[in-house]
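Take a look at the structure set out below.
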Amino acid sequence: MSVGLSDDDKLFSCSVWRPQGKSYLFFTQFKAELKGTKIKFANAYSQTAGAGHSDVPLKPEEFTIGESTVTHTDGKFSAQLSKLTAIGQTRHDEL
């Protein structure tokens with residue numbers, strides 16, 4: 001898992017992945033939630049980059065991006081999740 005902050009401190013990212021990419025273990029469902037913010041971007045991948053290959057995203061119908069959650073789509077998710085990334089906006093306080 002990694003968490004990062006943009007250079008301007010306006011966005012943060014959270015990624016959860018399997019370091020080896022594919023595994024014999026399968027997820028039958030998943031859900032990630034960013035509390036206290038709205039998701040600006042998210043993506044889920046069936047295979048992570050390695051050996052000269054790029055990340056392989058899940059098909060768009062396999063997962064749903066909500067206001068603050070990313071979750072599998074019942075009946076469409078193929079149980080092949082290697083990486084999940086979500087980006088949210090940091091809280092902004094006026095002076």
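Quick note on naming: the chains in the structure tokens go A, B, ... in the order shown, residues restart at 1 in each chain, and ligands are numbered from 1 in order of appearance.
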
_All residues 8 Å or closer to Thr90 (chain A), only C-alpha atoms, same chain fewer than 5 positions away omitted, as a list in words_ = Asp9, Lys10, Leu11, Phe12 and Thr37 of chain A

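Using only C-alpha atoms, the protein and nucleic acid residues lying no more than 12 Å from Pro19 (chain A), apart from those fewer than 6 places from it along its own chain, are Met1, Ser2, Gln47, Thr48, Ala49, Gly50, Ser82 and Lys83 of chain A.
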
*asked:* Here is a test: counting only C-alpha atoms, which residue of A:Gly75, A:Gly4, A:Gly66, A:Pro57 is nearest to Gln29 (chain A)?
replied: A:Gly75

*asked:* Rounded to one decimal, what separation in Å do you get between CA of Ala51 (chain A) and CA of Leu84 (chain A)?
replied: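 These atoms are spaced 19.6 Å apart.
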
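The coordinates place CA of Phe26 (chain A) at 24.3 Å from CA of Phe41 (chain A).
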